[in-house]
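**Student:** I'd like to ask you about the structure that follows.
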Amino acid sequence: MRKSAKNLSILAFILVFVLAAAGCGKKEENGAGGASPSESASPSESASSSASASPSASEESDIVYKVATDASYAPMESMDKDKIVGFDVDFLDAVMKEAGLKYELVNTGWDPMFADLDKGDKSAYYAGISAVSITDERKQSYEFSIPYFESKNMILVKEGSPVQNALDLKGKKVAVQGATTAEDLMKGIMGDSNANLKRFDSNTLALLELENNGVDAVVADFAVVQAYVEKNPNKKFKTIADKENFTPEYYGIIFPKGKSDLKAKLDPAIEKVRASDEYKEIYKKWIGVEPDTTDLVNTK
């Protein structure tokens, strides 16, 4: 039966409405796969979605781990113009490559490094490497990697000095870098309040004080002392290794509490590197002798 004009108008209206609705439905489908910017989720919604998702392996590989150091402790770390160089620098590079991680080494200074790592998970750094001795006291505030370097403190005096061992320093003026194990050792021998125990911000200043006859001796890490003597052969210094009073100690990479997930990634890499020929090459390059790593490689 033929429809009237009125009915045809109504049908036409219905047909236009249906087609329009169908078009809207297709637009929504396109929006799921590639909508224009005005039709996509807002930035805040996208950020929320990304934050809730677990980071992918590729995202983790893009993390740049910031590591702090005090580049005033040659030959472990020092500045060569605008570049940080030294044993710790080459060792860290070998370890990070072994672990497959990106990193940035930042010269912060000794006290600022610890002050920042004290912030725990709020620290700007994931770790610190700066010839830091592993001690029970420090373990209360920080996490440490497995040891990567065996060290001993050494006495440096001028030729002709009557000093033969650490106990002979009791009545002498002695320079140390503050907040180091050398200071702790000499406090135990000389007394914490002894005015003859001179504390300096760096070993460089302590050694300069000996040069200028301001003190009778310097106590510092053997690597620092040996490197200084080698660079100053005409200054007639004498080194004293006191195995009775200066027991071995070990350096470790230091991590802030609450932000130490990097330790789990680095310990296996450190274990491999410290037992390698590459480690021996780095050691000889900076320390000047072949290392005896017998005890080190068995230390956890």
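Each chain of the structure tokens is named A, B, ... in the order shown, its residues numbered from 1; ligands are numbered from 1 in display order.
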With only C-alpha atoms as the counted atoms, please give the residues lying no more than 10 Å from Gly171 (chain A), apart from itself and same-chain residues fewer than 5 positions off, as a list in words.
**Tutor:**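 The residues that qualify are Met190, Asn194, Asn196, Leu197 and Asp216 of chain A.
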**Student:** Mind writing the picked residues with C-alpha atoms as a PDB file, in the first residue's frame?
**Tutor:**
```pdb
ATOM      1  CA  MET A 190      95.617   9.114  70.751  1.00  0.00           C
ATOM      2  CA  ASN A 194      93.714  15.008  71.777  1.00  0.00           C
ATOM      3  CA  ASN A 196      97.493  16.824  68.371  1.00  0.00           C
ATOM      4  CA  LEU A 197      95.070  14.844  66.212  1.00  0.00           C
ATOM      5  CA  ASP A 216     104.751  14.785  62.227  1.00  0.00           C
TER       6      ASP A 216
END
```
**Student:** Can you list, as a list in words, every protein, DNA or RNA residue that comes within 7 Å of region 121-133 of chain A when you count only C-alpha atoms, leaving out same-chain residues fewer than 5 positions away?
**Tutor:** Tyr65, Lys66, Val67, Ala68, Thr69, Asp70, Met76, Glu77, Asp88, Asp116, Glu249, Tyr250, Tyr251, Gly252, Ile253, Ile254, Phe255, Pro256, Lys257, Gly258 and Lys259 of chain A
**Student:** Mind checking DSSP for region 113-261 of chain A and telling me the helix (DSSP H, G or I) residues as a ChimeraX atom specification?
**Tutor:** /A:113-117,120-122,136-139,166-169,181-190,203-211,222-231,261
**Student:** Going by DSSP on the backbone, which residues of region 142-283 of chain A come out as strand (DSSP E or B)? List them as a PyMOL selection string.
**Tutor:** chain A and resi 142-144+149-151+153-158+174-177+197-200+217-221+237-240+249-251+254-256
**Student:** Can you work out which one of A:Lys97, A:Lys280, A:Lys235, A:Arg274 has the shortest atom-to-atom distance to Asp295 (chain A), counting only C-alpha atoms?
**Tutor:**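 Looking only at the distances to Asp295 (chain A), the closest residue turns out to be A:Arg274.
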**Student:** Could you tell me which of A:Gly100, A:Val289, A:Val297, A:Lys187 comes closest to Ile63 (chain A) if we count only C-alpha atoms?
**Tutor:** A:Gly100
**Student:** Distance table requested - region 191-267 of chain A against region 145-153 of chain A, cut-off 12 Å, only C-alpha atoms: one row per qualifying residue with the closest atom pair and its distance in Å to one decimal, ordered by chain and rising residue number, as CSV.
**Tutor:**
```
residue,atom,partner,partner_atom,distance
A:Val218,CA,A:Asn153,CA,10.1
A:Val219,CA,A:Asn153,CA,6.6
A:Ala220,CA,A:Asn153,CA,5.2
A:Asp221,CA,A:Asn153,CA,4.3
A:Phe222,CA,A:Asn153,CA,5.3
A:Ala223,CA,A:Ser151,CA,7.9
A:Val224,CA,A:Asn153,CA,9.2
A:Val225,CA,A:Asn153,CA,8.8
A:Gln226,CA,A:Asn153,CA,10.8
A:Thr239,CA,A:Asn153,CA,10.6
A:Ile240,CA,A:Asn153,CA,9.4
A:Ala241,CA,A:Asn153,CA,7.5
A:Asp242,CA,A:Asn153,CA,8.1
A:Lys243,CA,A:Lys152,CA,8.4
A:Glu244,CA,A:Lys152,CA,11.2
A:Asn245,CA,A:Asn153,CA,9.5
A:Phe246,CA,A:Asn153,CA,6.2
A:Thr247,CA,A:Lys152,CA,6.5
A:Pro248,CA,A:Lys152,CA,4.9
A:Glu249,CA,A:Ser151,CA,5.2
A:Tyr250,CA,A:Glu150,CA,4.6
A:Tyr251,CA,A:Phe149,CA,5.1
A:Gly252,CA,A:Pro147,CA,4.7
A:Ile253,CA,A:Ser145,CA,5.2
A:Ile254,CA,A:Ser145,CA,6.5
A:Phe255,CA,A:Ser145,CA,7.9
A:Pro256,CA,A:Ser145,CA,11.3
A:Ser260,CA,A:Ser145,CA,9.5
A:Asp261,CA,A:Ser145,CA,11.0
A:Leu262,CA,A:Ser145,CA,9.3
A:Lys263,CA,A:Ser145,CA,5.9
A:Ala264,CA,A:Ser145,CA,8.5
A:Lys265,CA,A:Ser145,CA,9.9
A:Leu266,CA,A:Ser145,CA,7.4
A:Asp267,CA,A:Ser145,CA,5.9
```
**Student:** Leaving out Trp286 (chain A) and any residue of its chain fewer than 2 positions from it, which residues lie within 8 Å of it when counting only C-alpha atoms, given as a compact mmCIF listing (two decimals) with C-alpha atoms, in the first residue's frame?
**Tutor:**
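The result, stored in around-v1.txt:
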```
# COMPACT_ATOMS: atom_id res chain seq x y z
CA PRO A 75 94.14 7.33 43.16
CA MET A 76 90.66 6.05 44.01
CA GLY A 86 90.52 6.76 39.33
CA PHE A 87 90.24 3.15 40.44
CA ILE A 282 92.43 -1.64 36.79
CA TYR A 283 94.23 -2.25 40.10
CA LYS A 284 97.69 -2.17 38.57
CA GLY A 288 100.78 0.41 40.76
```
